[in-house]
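S.K.: This is my_file.cif (mmCIF, C-alpha atoms).
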data_structure
#
loop_
_atom_site.group_PDB
_atom_site.id
_atom_site.type_symbol
_atom_site.label_atom_id
_atom_site.label_comp_id
_atom_site.auth_asym_id
_atom_site.auth_seq_id
_atom_site.Cartn_x
_atom_site.Cartn_y
_atom_site.Cartn_z
ATOM 1 C CA MET T 28 101.568 -17.542 18.762
ATOM 2 C CA VAL T 29 104.875 -16.529 17.237
ATOM 3 C CA SER T 30 107.221 -18.425 19.561
ATOM 4 C CA SER T 31 105.046 -21.561 19.398
ATOM 5 C CA GLY T 32 105.375 -21.637 15.607
ATOM 6 C CA VAL T 33 101.628 -21.334 15.037
ATOM 7 C CA VAL T 34 101.976 -18.125 13.029
ATOM 8 C CA ASP T 35 104.410 -19.649 10.552
ATOM 9 C CA ARG T 36 102.257 -22.760 10.198
ATOM 10 C CA VAL T 37 99.110 -20.710 9.526
ATOM 11 C CA ARG T 38 100.978 -18.630 6.949
ATOM 12 C CA SER T 39 102.050 -21.813 5.164
ATOM 13 C CA GLU T 40 98.535 -23.268 5.002
ATOM 14 C CA LYS T 41 97.044 -23.706 1.569
ATOM 15 C CA GLY T 42 94.969 -20.665 0.669
ATOM 16 C CA ASN T 43 96.436 -18.273 3.255
ATOM 17 C CA LEU T 44 97.234 -14.898 1.727
ATOM 18 C CA LYS T 45 97.906 -12.856 4.868
ATOM 19 C CA TYR T 46 98.268 -13.418 8.614
ATOM 20 C CA GLU T 47 99.570 -10.317 10.407
ATOM 21 C CA TYR T 48 99.338 -8.818 13.896
ATOM 22 C CA PHE T 49 98.997 -5.103 14.614
ATOM 23 C CA PHE T 50 99.205 -3.278 17.935
ATOM 24 C CA PRO T 51 97.284 -0.020 18.537
ATOM 25 C CA MET T 52 99.508 2.750 19.874
ATOM 26 C CA ASP T 53 96.941 3.818 22.482
ATOM 27 C CA ASP T 54 95.781 0.383 23.750
ATOM 28 C CA SER T 55 98.397 -2.018 25.085
ATOM 29 C CA GLU T 56 95.722 -4.628 25.844
ATOM 30 C CA THR T 57 94.583 -5.087 22.241
ATOM 31 C CA VAL T 58 96.067 -7.001 19.333
ATOM 32 C CA LEU T 59 94.504 -6.839 15.881
ATOM 33 C CA LEU T 60 94.882 -9.886 13.680
ATOM 34 C CA ILE T 61 94.217 -9.514 9.983
ATOM 35 C CA ASP T 62 94.114 -12.728 8.041
ATOM 36 C CA ARG T 63 93.113 -13.149 4.440
ATOM 37 C CA TRP T 64 92.243 -16.328 2.568
ATOM 38 C CA GLU T 65 91.869 -17.011 -1.131
ATOM 39 C CA SER T 66 88.381 -18.463 -0.586
ATOM 40 C CA GLN T 67 85.788 -19.234 2.050
ATOM 41 C CA GLU T 68 86.620 -22.917 1.551
ATOM 42 C CA ALA T 69 90.278 -22.285 2.466
ATOM 43 C CA LEU T 70 89.191 -20.443 5.612
ATOM 44 C CA ASP T 71 86.783 -23.258 6.495
ATOM 45 C CA GLU T 72 89.614 -25.799 6.146
ATOM 46 C CA HIS T 73 91.785 -23.667 8.424
ATOM 47 C CA HIS T 74 89.005 -23.584 11.022
ATOM 48 C CA LYS T 75 88.722 -27.405 10.872
ATOM 49 C CA SER T 76 92.471 -27.955 11.261
ATOM 50 C CA PRO T 77 94.022 -29.387 14.445
ATOM 51 C CA MET T 78 95.884 -26.082 14.762
ATOM 52 C CA MET T 79 92.649 -24.403 15.882
ATOM 53 C CA LYS T 80 92.712 -26.406 19.137
ATOM 54 C CA GLU T 81 96.275 -25.286 19.692
ATOM 55 C CA ILE T 82 95.216 -21.669 19.124
ATOM 56 C CA ALA T 83 92.259 -22.087 21.511
ATOM 57 C CA ASP T 84 94.579 -23.603 24.136
ATOM 58 C CA LEU T 85 96.914 -20.612 23.867
ATOM 59 C CA ARG T 86 93.959 -18.236 24.259
ATOM 60 C CA GLY T 87 92.914 -20.084 27.400
ATOM 61 C CA LYS T 88 96.434 -20.198 28.827
ATOM 62 C CA TYR T 89 96.850 -16.436 28.497
ATOM 63 C CA HIS T 90 93.196 -15.512 29.261
ATOM 64 C CA LEU T 91 92.702 -13.878 25.874
ATOM 65 C CA HIS T 92 89.303 -12.807 24.611
ATOM 66 C CA MET T 93 88.389 -12.567 20.978
ATOM 67 C CA ARG T 94 86.015 -10.491 18.902
ATOM 68 C CA VAL T 95 85.610 -11.426 15.257
ATOM 69 C CA GLU T 96 84.685 -9.088 12.435
ATOM 70 C CA GLN T 97 84.550 -10.408 8.914
ATOM 71 C CA PHE T 98 84.924 -8.221 5.869
ATOM 72 C CA VAL T 99 83.958 -9.646 2.513
ATOM 73 C CA GLU T 100 85.352 -8.160 -0.655
ATOM 74 C CA ARG T 101 82.592 -7.443 -3.159
ATOM 75 C CA LYS T 102 83.438 -7.428 -6.835
#
What's the structure tokens form of this structure?

M.R.:
Amino acid sequence: MVSSGVVDRVRSEKGNLKYEYFFPMDDSETVLLIDRWESQEALDEHHKSPMMKEIADLRGKYHLHMRVEQFVERK
């Protein structure tokens, strides 16, 4: 994701506030991605972008599995 330039392109998308990877100290097989968007509409646009196919292709190439958890800030 980093060497392909995808990370930088996601970070430069309109509405992206955060796109960071974290690695647990006790689990070398897991990567945690935290991304934050200014609105649901911005996230929806990201999900519709051609970049999502590129991300899916990278997941397939490296046999990565994904679990999604969404946290919504309540005001």

S.K.: So, counting only C-alpha atoms, which residue among T:Ser31, T:Lys102, T:Glu40, T:His92 is closest to Leu59 in chain T?

M.R.: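 That would be T:His92, the residue with the smallest distance to Leu59 in chain T.
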
S.K.: Take the PyMOL selection byres ((chain T and resi 44-58) around 12), run it mentally on this structure, and tell me the resulting residues as a list in words.

M.R.: Met28, Val29, Val33, Val34, Asp35, Arg36, Val37, Arg38, Ser39, Glu40, Lys41, Gly42, Asn43, Leu59, Leu60, Ile61, Asp62, Arg63, Trp64, Glu65, Ser66, Ala69, Leu70, His90, Leu91, His92, Met93 and Arg94 of chain T

S.K.: In Å, how far is it from CA of Phe98 in chain T to CA of Gln67 in chain T?

M.R.: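 These atoms are spaced 11.7 Å apart.
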
S.K.: Return as AutoDock Vina command-line options the box centre and box size in Å, one decimal, for an axis-aligned box around all listed atoms of range 31-48 of chain T padded by 6 Å per side.

M.R.:
--center_x 100.2 --center_y -16.3 --center_z 10.0 --size_x 22.4 --size_y 26.9 --size_z 30.7

S.K.: Please report the interatomic distance between CA of Arg86 in chain T and CA of Val99 in chain T in Å with one decimal.

M.R.: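 Interatomic distance, CA of Arg86 in chain T to CA of Val99 in chain T: 25.4 Å.
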
S.K.: Please measure the separation of CA of Gln97 in chain T and CA of Gly32 in chain T, giving the value in Å to one decimal.

M.R.: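 Result for CA of Gln97 in chain T versus CA of Gly32 in chain T: 24.6 Å, one decimal.
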